[in-house]
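Trainee: Input structure: coords_19.cif, which contains mmCIF, C-alpha atoms.
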```cif
data_coords
#
loop_
_atom_site.label_atom_id
_atom_site.label_comp_id
_atom_site.auth_asym_id
_atom_site.auth_seq_id
_atom_site.Cartn_x
_atom_site.Cartn_y
_atom_site.Cartn_z
CA MET C 1 -2.83 -89.38 -27.77
CA THR C 2 -0.32 -90.34 -30.46
CA ILE C 3 1.36 -93.67 -30.93
CA SER C 4 4.70 -92.25 -29.84
CA ASN C 5 3.15 -90.89 -26.61
CA GLU C 6 1.55 -94.25 -25.85
CA LEU C 7 4.86 -96.04 -26.28
CA ALA C 8 6.71 -93.40 -24.26
CA THR C 9 4.60 -94.24 -21.20
CA GLY C 10 6.16 -97.66 -20.79
CA HIS C 11 4.98 -99.69 -23.78
CA TRP C 12 8.22 -99.61 -25.81
CA ALA C 13 9.65 -102.76 -24.22
CA ALA C 14 6.36 -104.63 -24.46
CA ALA C 15 5.91 -103.66 -28.12
CA ALA C 16 9.47 -104.68 -28.94
CA ALA C 17 8.92 -108.05 -27.24
CA VAL C 18 5.76 -108.55 -29.31
CA PHE C 19 7.61 -107.93 -32.57
CA LEU C 20 10.52 -110.13 -31.48
CA LEU C 21 8.10 -112.99 -30.81
CA ALA C 22 6.19 -112.34 -34.04
CA GLY C 23 9.47 -112.33 -35.98
CA VAL C 24 10.49 -115.66 -34.46
CA ILE C 25 7.18 -117.22 -35.49
CA LYS C 26 7.48 -115.84 -39.02
CA GLY C 27 11.02 -117.16 -39.29
CA VAL C 28 9.91 -120.66 -38.29
CA VAL C 29 6.59 -121.07 -40.13
CA GLY C 30 6.74 -118.37 -42.82
CA LEU C 31 3.86 -116.25 -41.54
CA GLY C 32 2.43 -114.79 -38.37
CA LEU C 33 4.18 -111.44 -37.89
CA PRO C 34 1.16 -109.19 -38.58
CA THR C 35 -1.24 -111.69 -37.04
CA VAL C 36 0.63 -112.08 -33.75
CA SER C 37 1.64 -108.43 -33.49
CA MET C 38 -1.90 -107.17 -34.21
CA ALA C 39 -3.43 -109.64 -31.77
CA LEU C 40 -1.08 -108.84 -28.89
CA LEU C 41 -0.74 -105.10 -29.44
CA ALA C 42 -4.52 -104.76 -29.68
CA LEU C 43 -4.75 -106.04 -26.10
CA TRP C 44 -3.57 -102.63 -24.86
CA MET C 45 -3.91 -100.19 -27.77
CA PRO C 46 -6.59 -99.49 -30.40
CA PRO C 47 -6.31 -101.84 -33.41
CA VAL C 48 -5.80 -98.92 -35.81
CA ARG C 49 -2.67 -97.85 -33.90
CA ALA C 50 -1.42 -101.43 -33.76
CA ALA C 51 -1.92 -101.65 -37.53
CA ALA C 52 0.11 -98.46 -38.04
CA LEU C 53 2.98 -99.85 -35.94
CA LEU C 54 3.28 -103.06 -37.94
CA ILE C 55 3.65 -101.40 -41.38
CA ALA C 56 7.48 -101.15 -41.50
CA PRO C 57 8.27 -104.54 -39.86
CA SER C 58 5.67 -106.30 -41.99
CA LEU C 59 6.83 -104.66 -45.23
CA VAL C 60 10.54 -105.36 -44.75
CA THR C 61 10.17 -108.95 -43.52
CA ASN C 62 7.70 -109.75 -46.29
CA LEU C 63 9.98 -108.25 -48.95
CA TRP C 64 12.71 -110.50 -47.55
CA GLN C 65 10.36 -113.44 -48.03
CA THR C 66 9.64 -112.68 -51.72
CA GLY C 67 12.99 -114.07 -52.85
CA PRO C 68 14.61 -115.73 -54.69
CA ARG C 69 14.42 -113.51 -57.75
CA ALA C 70 14.64 -116.41 -60.23
CA THR C 71 11.19 -117.73 -59.25
CA PHE C 72 9.56 -114.41 -58.36
CA TRP C 73 7.92 -113.65 -61.70
CA PRO C 74 6.46 -117.13 -62.34
CA VAL C 75 4.87 -117.10 -58.88
CA LEU C 76 3.62 -113.53 -59.29
CA ARG C 77 2.04 -114.31 -62.67
CA ARG C 78 0.09 -117.16 -61.10
CA ILE C 79 -1.26 -115.08 -58.22
CA GLY C 80 -1.46 -111.72 -60.02
CA GLY C 81 -5.27 -111.71 -60.09
CA MET C 82 -5.34 -112.32 -56.36
CA GLN C 83 -3.05 -109.32 -55.80
CA ALA C 84 -5.37 -107.10 -57.84
CA GLY C 85 -8.27 -108.28 -55.69
CA ILE C 86 -6.33 -107.46 -52.52
CA VAL C 87 -5.78 -103.89 -53.73
CA VAL C 88 -9.45 -103.38 -54.59
CA GLY C 89 -10.74 -105.06 -51.43
CA THR C 90 -8.42 -103.25 -49.03
CA LEU C 91 -8.88 -99.77 -50.50
CA GLY C 92 -12.61 -100.32 -50.96
CA GLY C 93 -12.93 -101.56 -47.41
CA ALA C 94 -10.94 -98.61 -46.06
CA LEU C 95 -13.19 -96.15 -47.90
CA TRP C 96 -16.41 -97.97 -47.00
CA LEU C 97 -15.72 -99.15 -43.46
CA GLY C 98 -13.02 -96.75 -42.30
CA VAL C 99 -10.04 -98.08 -40.31
CA PRO C 100 -9.71 -100.79 -37.65
CA ALA C 101 -11.18 -99.19 -34.52
CA GLY C 102 -13.36 -99.90 -31.51
CA ALA C 103 -14.83 -103.07 -30.08
CA TRP C 104 -16.24 -104.21 -33.42
CA ALA C 105 -12.72 -104.32 -34.90
CA SER C 106 -11.46 -106.38 -31.94
CA VAL C 107 -14.34 -108.81 -32.39
CA ALA C 108 -13.62 -109.08 -36.11
CA LEU C 109 -9.91 -109.62 -35.46
CA GLY C 110 -10.59 -112.28 -32.84
CA ALA C 111 -13.03 -114.06 -35.17
CA ALA C 112 -10.46 -113.99 -38.00
CA LEU C 113 -7.82 -115.49 -35.71
CA VAL C 114 -10.14 -118.27 -34.54
CA ALA C 115 -11.26 -119.07 -38.10
CA TYR C 116 -7.70 -119.31 -39.37
CA ALA C 117 -6.49 -121.31 -36.36
CA PHE C 118 -9.28 -123.87 -36.60
CA TRP C 119 -8.76 -124.26 -40.31
CA GLY C 120 -5.07 -124.91 -39.72
CA LEU C 121 -5.64 -127.32 -36.83
CA THR C 122 -8.02 -129.52 -38.84
CA GLY C 123 -5.14 -130.43 -41.10
CA ARG C 124 -7.41 -130.50 -44.13
CA GLN C 125 -5.71 -129.75 -47.44
CA LEU C 126 -7.88 -127.95 -49.95
CA HIS C 127 -7.22 -128.07 -53.70
CA VAL C 128 -8.08 -125.46 -56.30
CA PRO C 129 -8.21 -126.73 -59.92
CA ALA C 130 -6.07 -124.69 -62.29
CA ALA C 131 -9.14 -123.84 -64.39
CA HIS C 132 -10.69 -122.00 -61.42
CA GLU C 133 -7.68 -119.88 -60.48
CA ARG C 134 -8.48 -117.10 -62.99
CA TRP C 135 -11.80 -116.16 -61.35
CA LEU C 136 -11.28 -117.47 -57.82
CA GLY C 137 -7.98 -115.64 -57.22
CA PRO C 138 -9.46 -112.13 -57.53
CA LEU C 139 -12.42 -113.09 -55.31
CA VAL C 140 -10.13 -114.46 -52.60
CA GLY C 141 -7.97 -111.36 -52.93
CA ALA C 142 -10.96 -109.04 -52.53
CA ALA C 143 -12.16 -110.98 -49.47
CA THR C 144 -8.66 -110.84 -48.00
CA GLY C 145 -8.61 -107.10 -48.63
CA LEU C 146 -11.87 -106.58 -46.78
CA VAL C 147 -10.58 -108.58 -43.80
CA THR C 148 -7.38 -106.54 -43.90
CA ALA C 149 -9.29 -103.25 -43.92
CA VAL C 150 -11.38 -104.35 -40.92
CA THR C 151 -8.74 -106.11 -38.82
CA GLY C 152 -5.25 -105.27 -40.12
CA VAL C 153 -4.62 -109.03 -40.58
CA PHE C 154 -4.15 -110.51 -44.04
CA VAL C 155 -3.89 -114.29 -43.60
CA VAL C 156 -7.59 -115.11 -44.09
CA PRO C 157 -8.57 -116.35 -46.64
CA ALA C 158 -5.27 -115.70 -48.48
CA VAL C 159 -3.14 -118.40 -46.85
CA PRO C 160 -5.68 -121.26 -47.16
CA TYR C 161 -6.12 -120.34 -50.84
CA LEU C 162 -2.37 -120.21 -51.54
CA GLN C 163 -1.89 -123.55 -49.82
CA ALA C 164 -4.68 -124.99 -51.98
CA LEU C 165 -2.80 -124.05 -55.16
CA GLY C 166 -0.32 -126.87 -54.62
CA PHE C 167 2.87 -124.80 -54.48
CA ARG C 168 6.02 -126.51 -53.29
CA ARG C 169 7.14 -125.36 -49.85
CA ASP C 170 9.64 -122.71 -51.00
CA ALA C 171 7.26 -121.38 -53.66
CA LEU C 172 4.46 -121.23 -51.07
CA ILE C 173 6.65 -119.20 -48.71
CA GLN C 174 7.45 -116.88 -51.62
CA ALA C 175 3.79 -116.57 -52.65
CA MET C 176 2.83 -115.66 -49.09
CA GLY C 177 5.61 -113.06 -49.03
CA ILE C 178 4.29 -111.47 -52.24
CA SER C 179 0.71 -111.47 -51.00
CA PHE C 180 1.61 -110.08 -47.57
CA THR C 181 3.76 -107.36 -49.17
CA THR C 182 0.82 -106.27 -51.34
CA SER C 183 -1.48 -106.20 -48.32
CA THR C 184 1.02 -104.24 -46.22
CA VAL C 185 1.53 -101.53 -48.85
CA VAL C 186 -2.17 -101.14 -49.58
CA LEU C 187 -3.04 -101.14 -45.85
CA ALA C 188 -0.57 -98.30 -45.34
CA ILE C 189 -2.22 -96.39 -48.19
CA GLY C 190 -5.66 -97.02 -46.68
CA LEU C 191 -4.54 -95.86 -43.24
CA ALA C 192 -2.93 -92.75 -44.69
CA GLY C 193 -6.05 -91.99 -46.72
CA ASN C 194 -8.12 -92.08 -43.54
CA GLY C 195 -5.65 -89.88 -41.67
CA SER C 196 -4.64 -92.81 -39.46
CA TYR C 197 -0.99 -93.09 -40.44
CA PRO C 198 0.52 -89.78 -39.30
CA ALA C 199 4.23 -88.95 -39.38
CA SER C 200 4.43 -89.79 -35.67
CA ALA C 201 3.54 -93.39 -36.48
CA VAL C 202 6.43 -93.82 -38.92
CA GLY C 203 9.13 -93.51 -36.26
CA GLY C 204 7.47 -96.03 -33.97
CA SER C 205 6.95 -98.46 -36.84
CA VAL C 206 10.58 -98.19 -37.96
CA ALA C 207 11.73 -98.66 -34.36
CA MET C 208 9.90 -102.02 -34.27
CA LEU C 209 11.82 -103.17 -37.34
CA LEU C 210 14.95 -104.18 -35.41
CA PRO C 211 13.26 -106.60 -32.98
CA ALA C 212 11.16 -108.01 -35.83
CA LEU C 213 14.24 -108.72 -37.96
CA ALA C 214 16.12 -110.13 -34.98
CA GLY C 215 13.20 -112.44 -34.29
CA MET C 216 13.02 -113.55 -37.92
CA VAL C 217 16.75 -114.39 -37.94
CA LEU C 218 16.31 -116.36 -34.71
CA GLY C 219 13.22 -118.10 -36.08
CA THR C 220 15.06 -119.11 -39.27
CA TRP C 221 17.82 -120.59 -37.09
CA LEU C 222 15.29 -122.43 -34.93
CA ARG C 223 13.49 -123.82 -38.00
CA GLN C 224 16.55 -125.99 -38.70
CA ARG C 225 16.39 -127.45 -35.18
CA LEU C 226 12.70 -127.77 -34.32
CA SER C 227 9.80 -129.75 -35.67
CA VAL C 228 7.94 -127.13 -37.66
CA ALA C 229 4.74 -129.20 -37.59
CA VAL C 230 4.68 -129.30 -33.77
CA PHE C 231 5.56 -125.62 -33.50
CA ARG C 232 2.83 -124.70 -35.99
CA ARG C 233 0.18 -126.67 -34.06
CA CYS C 234 1.12 -124.86 -30.84
CA PHE C 235 1.08 -121.53 -32.68
CA LEU C 236 -2.39 -122.15 -34.13
CA ALA C 237 -3.78 -123.32 -30.79
CA GLY C 238 -2.43 -120.19 -29.16
CA LEU C 239 -4.01 -118.01 -31.86
CA ALA C 240 -7.38 -119.69 -31.30
CA LEU C 241 -7.23 -119.06 -27.54
CA LEU C 242 -6.16 -115.47 -28.08
CA GLY C 243 -8.93 -114.93 -30.62
CA PHE C 244 -11.57 -116.26 -28.22
CA TYR C 245 -10.21 -114.00 -25.49
CA MET C 246 -10.34 -110.92 -27.73
CA VAL C 247 -13.94 -111.59 -28.76
CA ALA C 248 -15.05 -112.23 -25.17
CA HIS C 249 -13.17 -109.16 -23.87
CA ALA C 250 -14.63 -106.87 -26.54
CA LEU C 251 -18.19 -108.11 -25.96
CA ALA C 252 -17.99 -108.03 -22.15
#
```
Represent the structure contained in this file as structure tokens.
Mentor:
Amino acid sequence: MTISNELATGHWAAAAAVFLLAGVIKGVVGLGLPTVSMALLALWMPPVRAAALLIAPSLVTNLWQTGPRATFWPVLRRIGGMQAGIVVGTLGGALWLGVPAGAWASVALGAALVAYAFWGLTGRQLHVPAAHERWLGPLVGAATGLVTAVTGVFVVPAVPYLQALGFRRDALIQAMGISFTTSTVVLAIGLAGNGSYPASAVGGSVAMLLPALAGMVLGTWLRQRLSVAVFRRCFLAGLALLGFYMVAHALA
């Protein structure tokens, strides 16, 4: 059964609602679109198909987040080694482990969500000395790539590492946009290489772009009116609960 057939049987509205919600979260806190969309879509479709659906929304919203152009190259130079690691880790993981599929992928995704949520809820701020960035960046990138290949989610350990680099808020948002864009493109290549990103998936992915962008616009508007810290705590707590549910459901 193709992705388009699955959505034609009544899942279009649910999928659109997922991407709208994920876009809102990304607009408010600067991340979460692939994480939320993968987690919720995987509740009723195989993770590999959920990963294929998120390619276009993730790519476009992350490209949006890579601006402004004036600071793009300085940020990219600092995290360039990490991006190289992401490419190697994702493609290597796709060749070695295949694509996100089956109960094991759901368990891995749930564990990744729980790990990231608990790290965020502890409120601990890590710090990476500048002297260690040259060798640590590629290692973190490779680890992020492996997690991406297994789960379709690219926040762990990328986001904790980027936050530990001491970027200012706007530069951190930009660095996450660059990293997520790299992961999205390479994930698409990995899926295509494994025959898991057919032409039928492109239309469904593009269709999810509109609700994702609408959600991101709404989230950006809400960010000016809500306490981001409170929203982020609720978001992380929800991810932890969802991750536990996915692990328990897959192992039941």
Trainee: Determine, counting all atoms listed in the file, which protein, DNA and RNA residues have an atom within 12 Å of an atom of region 219-231 of chain C; residues of the same chain fewer than 6 positions away are not included. Present the result as a list of chain:residue names.
Mentor: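 Listed by chain and then number, they are C:Leu20, C:Leu21, C:Ala22, C:Gly23, C:Val24, C:Ile25, C:Lys26, C:Gly27, C:Val28, C:Val29, C:Gly30, C:Leu31, C:Gly32, C:Leu33, C:Gln65, C:Gly120, C:Leu121, C:Gly123, C:Pro211, C:Ala212, C:Leu213, C:Ala237, C:Gly238.
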Trainee: Pick out the residues sitting within 10 Å of Thr181 (chain C), and hand them over as a PDB file with C-alpha atoms, in the coordinates of the input; count only C-alpha atoms, and ignore anything fewer than 6 positions along from it in its own chain.
Mentor:
```
ATOM      1  CA  ILE C  55       3.650-101.400 -41.380  1.00  0.00           C
ATOM      2  CA  SER C  58       5.670-106.300 -41.990  1.00  0.00           C
ATOM      3  CA  LEU C  59       6.830-104.660 -45.230  1.00  0.00           C
ATOM      4  CA  VAL C  60      10.540-105.360 -44.750  1.00  0.00           C
ATOM      5  CA  THR C  61      10.170-108.950 -43.520  1.00  0.00           C
ATOM      6  CA  ASN C  62       7.700-109.750 -46.290  1.00  0.00           C
ATOM      7  CA  LEU C  63       9.980-108.250 -48.950  1.00  0.00           C
ATOM      8  CA  TRP C  64      12.710-110.500 -47.550  1.00  0.00           C
ATOM      9  CA  GLN C  65      10.360-113.440 -48.030  1.00  0.00           C
ATOM     10  CA  THR C  66       9.640-112.680 -51.720  1.00  0.00           C
ATOM     11  CA  GLN C  83      -3.050-109.320 -55.800  1.00  0.00           C
ATOM     12  CA  PHE C 154      -4.150-110.510 -44.040  1.00  0.00           C
ATOM     13  CA  ALA C 175       3.790-116.570 -52.650  1.00  0.00           C
ATOM     14  CA  LEU C 187      -3.040-101.140 -45.850  1.00  0.00           C
TER      15      LEU C 187
END
```
Trainee: Which residue is closest to Val140 (chain C)? Choose from C:Val107, C:Met246, C:Leu210, C:Ala164 and count only C-alpha atoms.
Mentor: C:Ala164
Trainee: Would you compute the box with edges along x, y and z of the file around region 58-67 of chain C, including every atom the file lists for it and 6 Å extra on each side, and give its centre and edge lengths in Å to one decimal, as AutoDock Vina command-line options?
Mentor:
```
--center_x 9.3 --center_y -109.4 --center_z -47.4 --size_x 19.3 --size_y 21.4 --size_z 22.9
```
Trainee: Find the residue from C:Phe235, C:Trp104, C:Trp73, C:Phe244 that sits nearest to Val36 (chain C); use all atoms listed in the file when measuring.
Mentor: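 When distances to Val36 (chain C) are compared using all atoms listed in the file, the smallest one comes from C:Phe235.
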Trainee: Excluding same-chain residues fewer than 2 positions from Leu239 (chain C), what lies within 9 Å of it counting all atoms listed in the file, as a ChimeraX atom specification?
Mentor: /C:35-36,39,110,113-114,116-117,234-237,241-244
Trainee: Might you pull out every residue within 8 Å of Gly190 (chain C), with all atoms listed in the file counted and same-chain residues fewer than 2 positions away left off, and present them as a PyMOL selection string?
Mentor: chain C and resi 90-91+94-95+99+149+186-188+192-194
Trainee: With distances taken over all atoms listed in the file, which residue among C:Ala51, C:Leu165, C:Ala111, C:Met216 lies nearest His132 (chain C)?
Mentor: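 Answer, going by the shortest atom-to-atom distance: C:Leu165.
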Trainee: List the residues selected by the PyMOL selection byres ((chain C and resi 251) around 10) in the file shown, writing them as a ChimeraX atom specification.
Mentor: /C:103-104,106-107,245-250,252
Trainee: From the block I gave, I'd like region 102-134 of chain C written with N, CA and C atoms, as an mmCIF file, in the first residue's frame.
Mentor:
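So result_0.cif came out as:
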```cif
data_model
loop_
_atom_site.group_PDB
_atom_site.id
_atom_site.type_symbol
_atom_site.label_atom_id
_atom_site.label_comp_id
_atom_site.auth_asym_id
_atom_site.auth_seq_id
_atom_site.Cartn_x
_atom_site.Cartn_y
_atom_site.Cartn_z
ATOM 1 N N GLY C 102 9.295 -1.145 11.238
ATOM 2 C CA GLY C 102 9.029 -2.185 12.213
ATOM 3 C C GLY C 102 9.040 -1.696 13.653
ATOM 4 N N ALA C 103 8.822 -2.638 14.553
ATOM 5 C CA ALA C 103 8.731 -2.312 15.972
ATOM 6 C C ALA C 103 10.037 -1.753 16.501
ATOM 7 N N TRP C 104 11.168 -2.263 16.011
ATOM 8 C CA TRP C 104 12.459 -1.796 16.525
ATOM 9 C C TRP C 104 12.648 -0.304 16.250
ATOM 10 N N ALA C 105 12.161 0.177 15.093
ATOM 11 C CA ALA C 105 12.287 1.594 14.779
ATOM 12 C C ALA C 105 11.396 2.431 15.692
ATOM 13 N N SER C 106 10.207 1.932 16.024
ATOM 14 C CA SER C 106 9.317 2.646 16.940
ATOM 15 C C SER C 106 9.921 2.725 18.331
ATOM 16 N N VAL C 107 10.555 1.630 18.764
ATOM 17 C CA VAL C 107 11.222 1.638 20.069
ATOM 18 C C VAL C 107 12.358 2.648 20.066
ATOM 19 N N ALA C 108 13.157 2.655 18.997
ATOM 20 C CA ALA C 108 14.277 3.580 18.902
ATOM 21 C C ALA C 108 13.789 5.023 18.882
ATOM 22 N N LEU C 109 12.710 5.278 18.131
ATOM 23 C CA LEU C 109 12.160 6.626 18.080
ATOM 24 C C LEU C 109 11.643 7.054 19.443
ATOM 25 N N GLY C 110 10.905 6.182 20.113
ATOM 26 C CA GLY C 110 10.402 6.509 21.442
ATOM 27 C C GLY C 110 11.526 6.784 22.424
ATOM 28 N N ALA C 111 12.592 5.966 22.374
ATOM 29 C CA ALA C 111 13.727 6.167 23.266
ATOM 30 C C ALA C 111 14.416 7.496 22.981
ATOM 31 N N ALA C 112 14.538 7.861 21.699
ATOM 32 C CA ALA C 112 15.155 9.136 21.336
ATOM 33 C C ALA C 112 14.328 10.305 21.864
ATOM 34 N N LEU C 113 13.006 10.200 21.760
ATOM 35 C CA LEU C 113 12.132 11.260 22.264
ATOM 36 C C LEU C 113 12.267 11.414 23.773
ATOM 37 N N VAL C 114 12.269 10.298 24.482
ATOM 38 C CA VAL C 114 12.383 10.345 25.944
ATOM 39 C C VAL C 114 13.731 10.934 26.358
ATOM 40 N N ALA C 115 14.807 10.497 25.694
ATOM 41 C CA ALA C 115 16.143 10.992 26.029
ATOM 42 C C ALA C 115 16.226 12.502 25.831
ATOM 43 N N TYR C 116 15.726 12.974 24.700
ATOM 44 C CA TYR C 116 15.778 14.410 24.437
ATOM 45 C C TYR C 116 14.901 15.185 25.411
ATOM 46 N N ALA C 117 13.700 14.674 25.685
ATOM 47 C CA ALA C 117 12.787 15.379 26.581
ATOM 48 C C ALA C 117 13.360 15.483 27.991
ATOM 49 N N PHE C 118 13.933 14.395 28.494
ATOM 50 C CA PHE C 118 14.481 14.438 29.847
ATOM 51 C C PHE C 118 15.695 15.346 29.928
ATOM 52 N N TRP C 119 16.497 15.338 28.877
ATOM 53 C CA TRP C 119 17.624 16.266 28.867
ATOM 54 C C TRP C 119 17.133 17.709 28.934
ATOM 55 N N GLY C 120 16.104 18.030 28.141
ATOM 56 C CA GLY C 120 15.585 19.383 28.134
ATOM 57 C C GLY C 120 14.926 19.771 29.447
ATOM 58 N N LEU C 121 14.226 18.826 30.075
ATOM 59 C CA LEU C 121 13.504 19.137 31.318
ATOM 60 C C LEU C 121 14.434 19.320 32.510
ATOM 61 N N THR C 122 15.626 18.756 32.461
ATOM 62 C CA THR C 122 16.565 18.939 33.573
ATOM 63 C C THR C 122 17.065 20.365 33.653
ATOM 64 N N GLY C 123 17.019 21.071 32.528
ATOM 65 C CA GLY C 123 17.457 22.461 32.533
ATOM 66 C C GLY C 123 18.959 22.629 32.625
ATOM 67 N N ARG C 124 19.706 21.559 32.502
ATOM 68 C CA ARG C 124 21.156 21.647 32.608
ATOM 69 C C ARG C 124 21.754 22.198 31.315
ATOM 70 N N GLN C 125 22.664 23.151 31.450
ATOM 71 C CA GLN C 125 23.306 23.750 30.290
ATOM 72 C C GLN C 125 24.725 23.200 30.171
ATOM 73 N N LEU C 126 24.961 22.469 29.105
ATOM 74 C CA LEU C 126 26.288 21.940 28.848
ATOM 75 C C LEU C 126 27.137 23.007 28.169
ATOM 76 N N HIS C 127 28.475 22.823 28.228
ATOM 77 C CA HIS C 127 29.385 23.765 27.576
ATOM 78 C C HIS C 127 30.502 22.994 26.905
ATOM 79 N N VAL C 128 30.730 23.284 25.644
ATOM 80 C CA VAL C 128 31.799 22.652 24.877
ATOM 81 C C VAL C 128 32.912 23.672 24.666
ATOM 82 N N PRO C 129 34.115 23.440 25.191
ATOM 83 C CA PRO C 129 35.234 24.361 24.956
ATOM 84 C C PRO C 129 35.546 24.464 23.470
ATOM 85 N N ALA C 130 35.939 25.649 23.041
ATOM 86 C CA ALA C 130 36.213 25.877 21.621
ATOM 87 C C ALA C 130 37.274 24.925 21.084
ATOM 88 N N ALA C 131 38.239 24.549 21.939
ATOM 89 C CA ALA C 131 39.321 23.666 21.492
ATOM 90 C C ALA C 131 38.822 22.266 21.138
ATOM 91 N N HIS C 132 37.657 21.887 21.632
ATOM 92 C CA HIS C 132 37.126 20.540 21.396
ATOM 93 C C HIS C 132 36.151 20.474 20.219
ATOM 94 N N GLU C 133 35.770 21.629 19.686
ATOM 95 C CA GLU C 133 34.758 21.644 18.632
ATOM 96 C C GLU C 133 35.232 20.926 17.365
ATOM 97 N N ARG C 134 36.534 21.017 17.049
ATOM 98 C CA ARG C 134 37.042 20.466 15.792
ATOM 99 C C ARG C 134 36.834 18.954 15.706
#
```
